[in-house]
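Visitor: Next comes the structure file data.csv, holding CSV, C-alpha atoms.
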chain,number,residue,atom,x,y,z
A,996,MET,CA,88.7,105.9,123.5
A,997,GLN,CA,91.6,103.5,123.7
A,998,ILE,CA,93.3,102.0,120.7
A,999,GLN,CA,91.9,98.6,120.0
A,1000,VAL,CA,94.4,95.8,119.1
A,1001,VAL,CA,93.2,92.4,117.9
A,1002,TYR,CA,95.8,89.6,117.7
A,1003,TYR,CA,94.9,86.9,115.2
A,1004,THR,CA,96.9,83.8,116.1
A,1005,ASP,CA,96.7,80.1,116.8
A,1006,PRO,CA,98.5,77.8,119.3
A,1007,LEU,CA,100.0,75.8,116.4
A,1008,CYS,CA,101.4,78.9,114.6
A,1009,CYS,CA,105.2,78.7,114.8
A,1010,TRP,CA,105.7,82.3,113.7
A,1011,SER,CA,103.3,83.4,116.5
A,1012,TRP,CA,105.7,81.6,119.0
A,1013,ALA,CA,108.6,83.6,117.5
A,1014,PHE,CA,106.5,86.8,117.6
A,1015,GLU,CA,105.4,86.3,121.2
A,1016,PRO,CA,108.2,88.4,122.9
A,1017,VAL,CA,107.5,91.3,120.6
A,1018,VAL,CA,103.8,91.2,121.3
A,1019,GLN,CA,104.4,91.0,125.0
A,1020,ALA,CA,106.8,94.0,124.9
A,1021,PHE,CA,104.3,96.0,122.9
A,1022,ARG,CA,101.5,95.2,125.4
A,1023,ASP,CA,103.8,96.1,128.4
A,1024,GLN,CA,104.8,99.4,126.8
A,1025,TYR,CA,101.2,100.5,126.1
A,1026,VAL,CA,99.5,99.4,129.3
A,1027,GLY,CA,96.4,101.6,129.8
A,1028,GLU,CA,96.6,102.9,126.2
A,1029,ILE,CA,95.4,99.8,124.3
A,1030,ASP,CA,92.4,97.4,124.6
A,1031,PHE,CA,94.1,94.1,123.6
A,1032,ARG,CA,92.4,90.8,122.8
A,1033,PHE,CA,93.2,87.6,121.1
A,1034,CYS,CA,91.3,86.1,118.2
A,1035,MET,CA,91.8,82.4,117.8
A,1036,ALA,CA,92.2,81.8,114.1
A,1037,GLY,CA,91.6,78.1,113.9
A,1038,MET,CA,94.6,77.5,111.6
A,1039,ILE,CA,94.1,73.7,111.1
A,1040,ALA,CA,90.5,72.4,111.2
A,1041,GLY,CA,91.8,69.0,110.1
A,1042,TRP,CA,94.4,67.7,107.6
A,1043,ASP,CA,91.7,66.6,105.2
A,1044,SER,CA,90.9,70.3,104.5
A,1045,TYR,CA,94.2,72.1,105.3
A,1046,HIS,CA,96.4,73.4,102.6
A,1047,ASP,CA,99.0,76.2,102.7
A,1048,ASP,CA,99.8,76.9,99.0
A,1049,LEU,CA,102.4,79.5,99.8
A,1050,LEU,CA,104.5,77.1,101.8
A,1051,ALA,CA,103.3,74.0,99.9
A,1052,ILE,CA,102.0,72.3,103.1
A,1053,ARG,CA,99.2,69.8,102.8
A,1054,ARG,CA,100.4,67.0,105.1
A,1055,PRO,CA,101.7,66.9,108.7
A,1056,LEU,CA,105.2,65.8,107.7
A,1057,GLN,CA,105.5,68.9,105.5
A,1058,MET,CA,105.0,71.1,108.6
A,1059,GLY,CA,108.3,70.0,110.1
A,1060,PRO,CA,110.6,71.7,107.7
A,1061,SER,CA,108.6,74.9,108.1
A,1062,TRP,CA,109.1,74.8,111.9
A,1063,MET,CA,112.8,74.1,111.3
A,1064,GLN,CA,113.1,77.2,109.1
A,1065,VAL,CA,111.5,79.3,111.8
A,1066,LYS,CA,113.8,77.8,114.5
A,1067,TYR,CA,116.9,78.9,112.6
A,1068,GLN,CA,115.6,82.1,111.1
A,1069,ALA,CA,114.2,83.4,114.4
A,1070,GLN,CA,116.7,81.7,116.7
A,1071,ILE,CA,114.1,80.3,119.0
A,1072,ASN,CA,113.5,76.9,120.7
A,1073,ILE,CA,111.3,74.7,118.5
A,1074,ASP,CA,111.3,70.9,118.2
A,1075,GLU,CA,109.8,70.1,114.8
A,1076,LYS,CA,110.0,66.3,115.3
A,1077,ILE,CA,106.5,66.3,116.7
A,1078,TRP,CA,105.3,66.4,113.1
A,1079,HIS,CA,106.9,63.0,112.6
A,1080,ASP,CA,106.3,61.4,116.0
A,1081,ASP,CA,102.8,62.6,117.0
A,1082,PRO,CA,101.4,65.2,114.7
A,1083,PRO,CA,98.4,67.2,116.0
A,1084,GLY,CA,95.4,66.5,113.9
A,1085,SER,CA,93.8,69.9,114.4
A,1086,SER,CA,94.4,73.2,116.2
A,1087,TYR,CA,90.7,73.5,117.1
A,1088,PRO,CA,91.0,71.7,120.5
A,1089,SER,CA,93.8,74.0,121.7
A,1090,CYS,CA,91.9,77.1,120.4
A,1091,LEU,CA,88.9,76.0,122.5
A,1092,ALA,CA,91.3,75.6,125.5
A,1093,VAL,CA,92.4,79.2,125.1
A,1094,LYS,CA,88.8,80.5,124.8
A,1095,CYS,CA,87.9,78.4,127.9
A,1096,ALA,CA,90.6,79.9,130.0
A,1097,GLY,CA,89.6,83.3,128.7
A,1098,ARG,CA,86.2,82.8,130.3
A,1099,GLN,CA,87.9,83.0,133.7
A,1100,SER,CA,90.2,86.0,132.9
A,1101,PRO,CA,92.2,87.7,130.2
A,1102,GLN,CA,95.4,86.8,132.1
A,1103,ALA,CA,94.4,83.1,132.3
A,1104,GLU,CA,93.8,83.2,128.5
A,1105,ASN,CA,97.2,84.8,127.9
A,1106,ILE,CA,99.1,82.3,130.1
A,1107,MET,CA,97.2,79.3,128.7
A,1108,LEU,CA,98.1,80.3,125.1
A,1109,HIS,CA,101.7,80.7,126.1
A,1110,GLU,CA,101.8,77.3,127.9
A,1111,LEU,CA,100.1,75.5,125.0
A,1112,ARG,CA,102.6,76.9,122.6
A,1113,LYS,CA,105.5,75.9,124.8
A,1114,ALA,CA,104.1,72.4,125.3
A,1115,VAL,CA,103.8,71.7,121.6
A,1116,MET,CA,106.8,73.6,120.2
A,1117,THR,CA,109.4,72.8,122.8
A,1118,GLN,CA,108.2,69.6,124.5
A,1119,ARG,CA,106.6,67.7,121.6
A,1120,ARG,CA,103.3,67.3,123.3
A,1121,ASN,CA,100.2,66.9,121.1
A,1122,ILE,CA,97.9,69.7,122.1
A,1123,ALA,CA,95.1,68.3,120.0
A,1124,LYS,CA,94.5,65.7,122.7
A,1125,ARG,CA,92.2,66.4,125.6
A,1126,GLU,CA,94.4,64.8,128.1
A,1127,VAL,CA,97.3,67.0,127.1
A,1128,LEU,CA,95.1,70.1,127.3
A,1129,LEU,CA,94.1,69.1,130.9
A,1130,GLU,CA,97.7,68.5,131.8
A,1131,VAL,CA,98.7,72.0,130.5
A,1132,ALA,CA,95.8,73.5,132.4
A,1133,ALA,CA,96.9,71.7,135.6
A,1134,THR,CA,100.4,73.2,135.1
A,1135,VAL,CA,98.9,76.7,134.7
A,1136,SER,CA,96.8,76.2,137.8
A,1137,ALA,CA,99.8,74.9,139.9
A,1138,ASN,CA,102.3,77.5,138.7
A,1139,TYR,CA,100.1,80.6,138.8
A,1140,SER,CA,98.2,80.5,142.1
A,1141,GLY,CA,94.6,81.5,141.8
A,1142,LEU,CA,94.7,82.1,138.1
A,1143,LEU,CA,92.9,79.1,136.8
A,1144,ASP,CA,90.2,77.1,138.4
A,1145,LEU,CA,91.0,73.6,137.1
A,1146,PRO,CA,87.6,71.9,137.7
A,1147,GLN,CA,85.8,74.8,136.1
A,1148,PHE,CA,88.2,74.7,133.1
A,1149,GLU,CA,87.6,70.9,132.6
A,1150,ALA,CA,83.8,71.4,132.9
A,1151,GLN,CA,83.7,74.2,130.5
A,1152,LEU,CA,86.2,73.0,127.9
A,1153,THR,CA,83.7,71.8,125.3
A,1154,GLU,CA,80.4,73.3,126.6
A,1155,PRO,CA,78.3,75.4,124.2
A,1156,ALA,CA,79.4,78.8,125.5
A,1157,THR,CA,83.1,78.0,124.8
A,1158,VAL,CA,82.4,76.6,121.4
A,1159,GLU,CA,80.3,79.7,120.6
A,1160,ALA,CA,83.2,82.0,121.7
A,1161,PHE,CA,85.5,80.2,119.3
A,1162,ARG,CA,82.9,80.2,116.5
A,1163,LYS,CA,82.8,84.0,116.8
A,1164,ASP,CA,86.5,84.2,116.5
A,1165,LEU,CA,86.5,82.1,113.3
A,1166,GLN,CA,83.7,84.3,111.9
A,1167,GLU,CA,85.7,87.5,112.8
A,1168,ARG,CA,88.8,86.1,111.0
A,1169,GLN,CA,86.7,85.4,107.9
A,1170,VAL,CA,84.9,88.8,107.9
A,1171,ASN,CA,88.3,90.7,108.2
A,1172,ASN,CA,89.8,88.5,105.5
A,1173,ILE,CA,92.8,87.4,107.7
A,1174,LYS,CA,94.8,85.1,105.4
A,1175,ARG,CA,98.1,84.8,107.2
A,1176,LEU,CA,99.2,84.3,110.9
A,1177,PRO,CA,100.2,86.1,113.0
A,1178,SER,CA,98.3,89.3,112.2
A,1179,LEU,CA,97.6,92.4,114.3
A,1180,MET,CA,94.7,94.7,113.6
A,1181,ILE,CA,95.4,98.1,115.3
A,1182,SER,CA,92.4,100.4,115.3
A,1183,ASN,CA,91.5,103.9,116.5
A,1184,PRO,CA,87.6,103.8,116.5
A,1185,ALA,CA,87.2,107.5,117.3
A,1186,ALA,CA,89.2,108.5,114.2
A,1187,ASN,CA,87.9,105.6,112.1
A,1188,LYS,CA,91.4,104.4,111.4
A,1189,ARG,CA,92.9,100.9,111.3
A,1190,VAL,CA,96.0,99.2,110.1
A,1191,LEU,CA,96.5,95.4,109.6
A,1192,LEU,CA,100.1,94.1,110.2
A,1193,THR,CA,100.7,90.7,108.8
A,1194,GLY,CA,103.6,88.4,109.8
A,1195,MET,CA,106.3,88.6,112.4
A,1196,ARG,CA,107.4,92.3,112.8
A,1197,PRO,CA,110.0,94.2,114.8
A,1198,LEU,CA,108.7,96.3,117.7
A,1199,ASP,CA,109.5,99.5,115.8
A,1200,ASP,CA,106.9,98.6,113.2
A,1201,LEU,CA,104.2,98.4,115.9
A,1202,HIS,CA,105.3,101.7,117.3
A,1203,ASN,CA,105.0,103.2,113.8
A,1204,VAL,CA,101.5,101.9,113.4
A,1205,MET,CA,100.5,103.3,116.8
A,1206,ALA,CA,101.7,106.7,115.6
A,1207,GLN,CA,99.8,106.3,112.4
A,1208,VAL,CA,96.4,105.6,113.9
A,1209,ASN,CA,97.0,108.3,116.5
A,1210,SER,CA,97.9,110.9,113.8
A,1211,GLY,CA,95.7,113.8,112.6
A,1212,GLU,CA,95.7,112.4,109.1
A,1213,ASP,CA,92.5,111.5,107.2
A,1214,ARG,CA,90.9,108.1,107.6
A,1215,VAL,CA,93.5,105.3,107.3
A,1216,TYR,CA,92.9,101.7,106.4
A,1217,SER,CA,96.0,99.9,105.3
A,1218,GLN,CA,97.6,96.4,105.2
A,1219,VAL,CA,101.3,96.1,105.7
Would you mind writing the structure in this file as structure tokens?
Guide:
Amino acid sequence: MQIQVVYYTDPLCCWSWAFEPVVQAFRDQYVGEIDFRFCMAGMIAGWDSYHDDLLAIRRPLQMGPSWMQVKYQAQINIDEKIWHDDPPGSSYPSCLAVKCAGRQSPQAENIMLHELRKAVMTQRRNIAKREVLLEVAATVSANYSGLLDLPQFEAQLTEPATVEAFRKDLQERQVNNIKRLPSLMISNPAANKRVLLTGMRPLDDLHNVMAQVNSGEDRVYSQV
């Protein structure tokens, strides 16, 4: 049985944007050895209920300095001014867009998530708005021939099956007590072993966890 990898993330998670090259390198290296899937964590339902006590964030304007910190710490392209100019009111619409693309193919889901992140973090586009989601989907459809059926995407964006797929992701996050993003759950079902990695990590950490869940040691469940 393949190693199972669940990536808990969200289109508005700036650390996930920084972590993306590491995750892609990991996936490329273990092609055929891992069963990889995304779980959309629904980071911001709305600003009336969102609070990050660790970073002291409760309002959109407070998110800008956090993004600026990630920009300089991870040395990546992020434009934090969106939190002043046109702050997204929720990450739920963009999570739905990722799940909707995933109904067409895992590759479409992967590309849609990347393009949504790029749109909000480098182009200051508000991915909480339906018109922006459709514009990003149109870009994916135009730039990746045959990957995404645009009329199908638009028709399915908010239909019950898409909403239910996202609801299941939210439930999975709650059941597994995922408190921080990004997080990777790496499991070996045959050996009843799993390890939860939280936060941005170097590729070597992911290699070490793969070795751990593939080892002959007794049952492992750990959080690192």
Visitor: Could you check which residues have any atom within 12 Å of (81.5, 80.5, 121.1), counting only C-alpha atoms with coordinates taken straight from the file, and then list them as a VMD selection string?
Guide: chain A and resid 1034 to 1035 1090 to 1095 1097 to 1098 1151 to 1167
Visitor: Keeping C-alpha atoms for every residue in the selection just given, could you write it to a file as a PDB file, in the coordinates of the input?
Guide:
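The resulting file, selection.pdb, is shown below:
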ATOM      1  CA  CYS A1034      91.300  86.100 118.200  1.00  0.00           C
ATOM      2  CA  MET A1035      91.800  82.400 117.800  1.00  0.00           C
ATOM      3  CA  CYS A1090      91.900  77.100 120.400  1.00  0.00           C
ATOM      4  CA  LEU A1091      88.900  76.000 122.500  1.00  0.00           C
ATOM      5  CA  ALA A1092      91.300  75.600 125.500  1.00  0.00           C
ATOM      6  CA  VAL A1093      92.400  79.200 125.100  1.00  0.00           C
ATOM      7  CA  LYS A1094      88.800  80.500 124.800  1.00  0.00           C
ATOM      8  CA  CYS A1095      87.900  78.400 127.900  1.00  0.00           C
ATOM      9  CA  GLY A1097      89.600  83.300 128.700  1.00  0.00           C
ATOM     10  CA  ARG A1098      86.200  82.800 130.300  1.00  0.00           C
ATOM     11  CA  GLN A1151      83.700  74.200 130.500  1.00  0.00           C
ATOM     12  CA  LEU A1152      86.200  73.000 127.900  1.00  0.00           C
ATOM     13  CA  THR A1153      83.700  71.800 125.300  1.00  0.00           C
ATOM     14  CA  GLU A1154      80.400  73.300 126.600  1.00  0.00           C
ATOM     15  CA  PRO A1155      78.300  75.400 124.200  1.00  0.00           C
ATOM     16  CA  ALA A1156      79.400  78.800 125.500  1.00  0.00           C
ATOM     17  CA  THR A1157      83.100  78.000 124.800  1.00  0.00           C
ATOM     18  CA  VAL A1158      82.400  76.600 121.400  1.00  0.00           C
ATOM     19  CA  GLU A1159      80.300  79.700 120.600  1.00  0.00           C
ATOM     20  CA  ALA A1160      83.200  82.000 121.700  1.00  0.00           C
ATOM     21  CA  PHE A1161      85.500  80.200 119.300  1.00  0.00           C
ATOM     22  CA  ARG A1162      82.900  80.200 116.500  1.00  0.00           C
ATOM     23  CA  LYS A1163      82.800  84.000 116.800  1.00  0.00           C
ATOM     24  CA  ASP A1164      86.500  84.200 116.500  1.00  0.00           C
ATOM     25  CA  LEU A1165      86.500  82.100 113.300  1.00  0.00           C
ATOM     26  CA  GLN A1166      83.700  84.300 111.900  1.00  0.00           C
ATOM     27  CA  GLU A1167      85.700  87.500 112.800  1.00  0.00           C
TER      28      GLU A1167
END
Visitor: Which residue out of A:Ile1181, A:Thr1117, A:His1079, A:Gln1102 has the minimum interatomic distance to A:Gln999 when only C-alpha atoms are used?
Guide: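 The answer is A:Ile1181, which sits nearest to A:Gln999.
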Visitor: If we count only C-alpha atoms and set the cut-off at 12 Å, which residues sit around A:Gln1068, ignoring sequence neighbours fewer than 3 positions away in its own chain? Please answer as a list in words.
Guide: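 Listed by chain and then number, they are Cys1009, Trp1010, Ala1013, Ser1061, Trp1062, Met1063, Gln1064, Val1065, Ile1071, Asn1072, Ile1073 and Met1195 of chain A.
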Visitor: Return the single residue from A:Pro1177, A:Pro1184, A:Gly1027, A:Gly1041 that is closest to A:Arg1196, with distances computed using only C-alpha atoms.
Guide: A:Pro1177
Visitor: So that each row is one residue of stretch 1001-1023 of chain A with an atom at most 12 Å from stretch 1120-1137 of chain A, can you give its shortest atom pair and the distance in Å to one decimal, using all atoms listed in the file, rows by chain and rising number, as a tab-separated table?
Guide:
residue	atom	partner	partner_atom	distance
A:Asp1005	CA	A:Ile1122	CA	11.7
A:Pro1006	CA	A:Ile1122	CA	8.6
A:Leu1007	CA	A:Ile1122	CA	8.6
Visitor: Given the choices A:Gln1099, A:Met1107, A:Ile1173, A:Met1205, which gets closest to A:Pro1146 if the distance is worked out from only C-alpha atoms?
Guide: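 Nearest to A:Pro1146: A:Gln1099.
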Visitor: What gap, in Å, lies between atom CA of A:Arg1112 and atom CA of A:Ser1011?
Guide: 8.9 Å
Visitor: For a test of reading the model, state the distance in Å between atom CA of A:Asp1074 and atom CA of A:Ala1114, rounded to one decimal.
Guide: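 A separation of 10.2 Å between them.
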Visitor: Out of A:Arg1175, A:Arg1054, A:Lys1066, A:Arg1189, which residue has the shortest atom-to-atom distance to A:Tyr1003 when counting all atoms listed in the file?
Guide: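 Among the listed residues, the smallest separation from A:Tyr1003 belongs to A:Arg1175.
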Visitor: Have a look at A:Lys1076, A:Leu1143, A:Pro1016, A:His1202 and name the one nearest to A:His1109; count all atoms listed in the file.
Guide: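 Nearest candidate to A:His1109 out of A:Lys1076, A:Leu1143, A:Pro1016, A:His1202: A:Pro1016.
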Visitor: Enter the distance from atom CA of A:Glu1104 to atom CA of A:Ile1077, in Å, rounded to one decimal.
Guide: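 Pair atom CA of A:Glu1104 / atom CA of A:Ile1077 returns 24.2 Å.
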Visitor: Near A:Asn1183, within 6 Å and counting all atoms listed in the file, which residues show up once chain neighbours fewer than 4 positions away are dropped, as a VMD selection string?
Guide: chain A and resid 998 1187 to 1188 1208
Visitor: Nearest to A:Leu1108 among A:Pro1082, A:Met1058, A:Glu1015, A:Asn1138, with distances taken over only C-alpha atoms: which residue is it?
Guide: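 The closest residue to A:Leu1108 is A:Glu1015.
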Visitor: Skip A:Val1017 itself and residues of its chain fewer than 3 positions away, then list as a VMD selection string all residues within 8 Å of it, counting all atoms listed in the file.
Guide: chain A and resid 1014 1020 to 1021 1196 to 1198
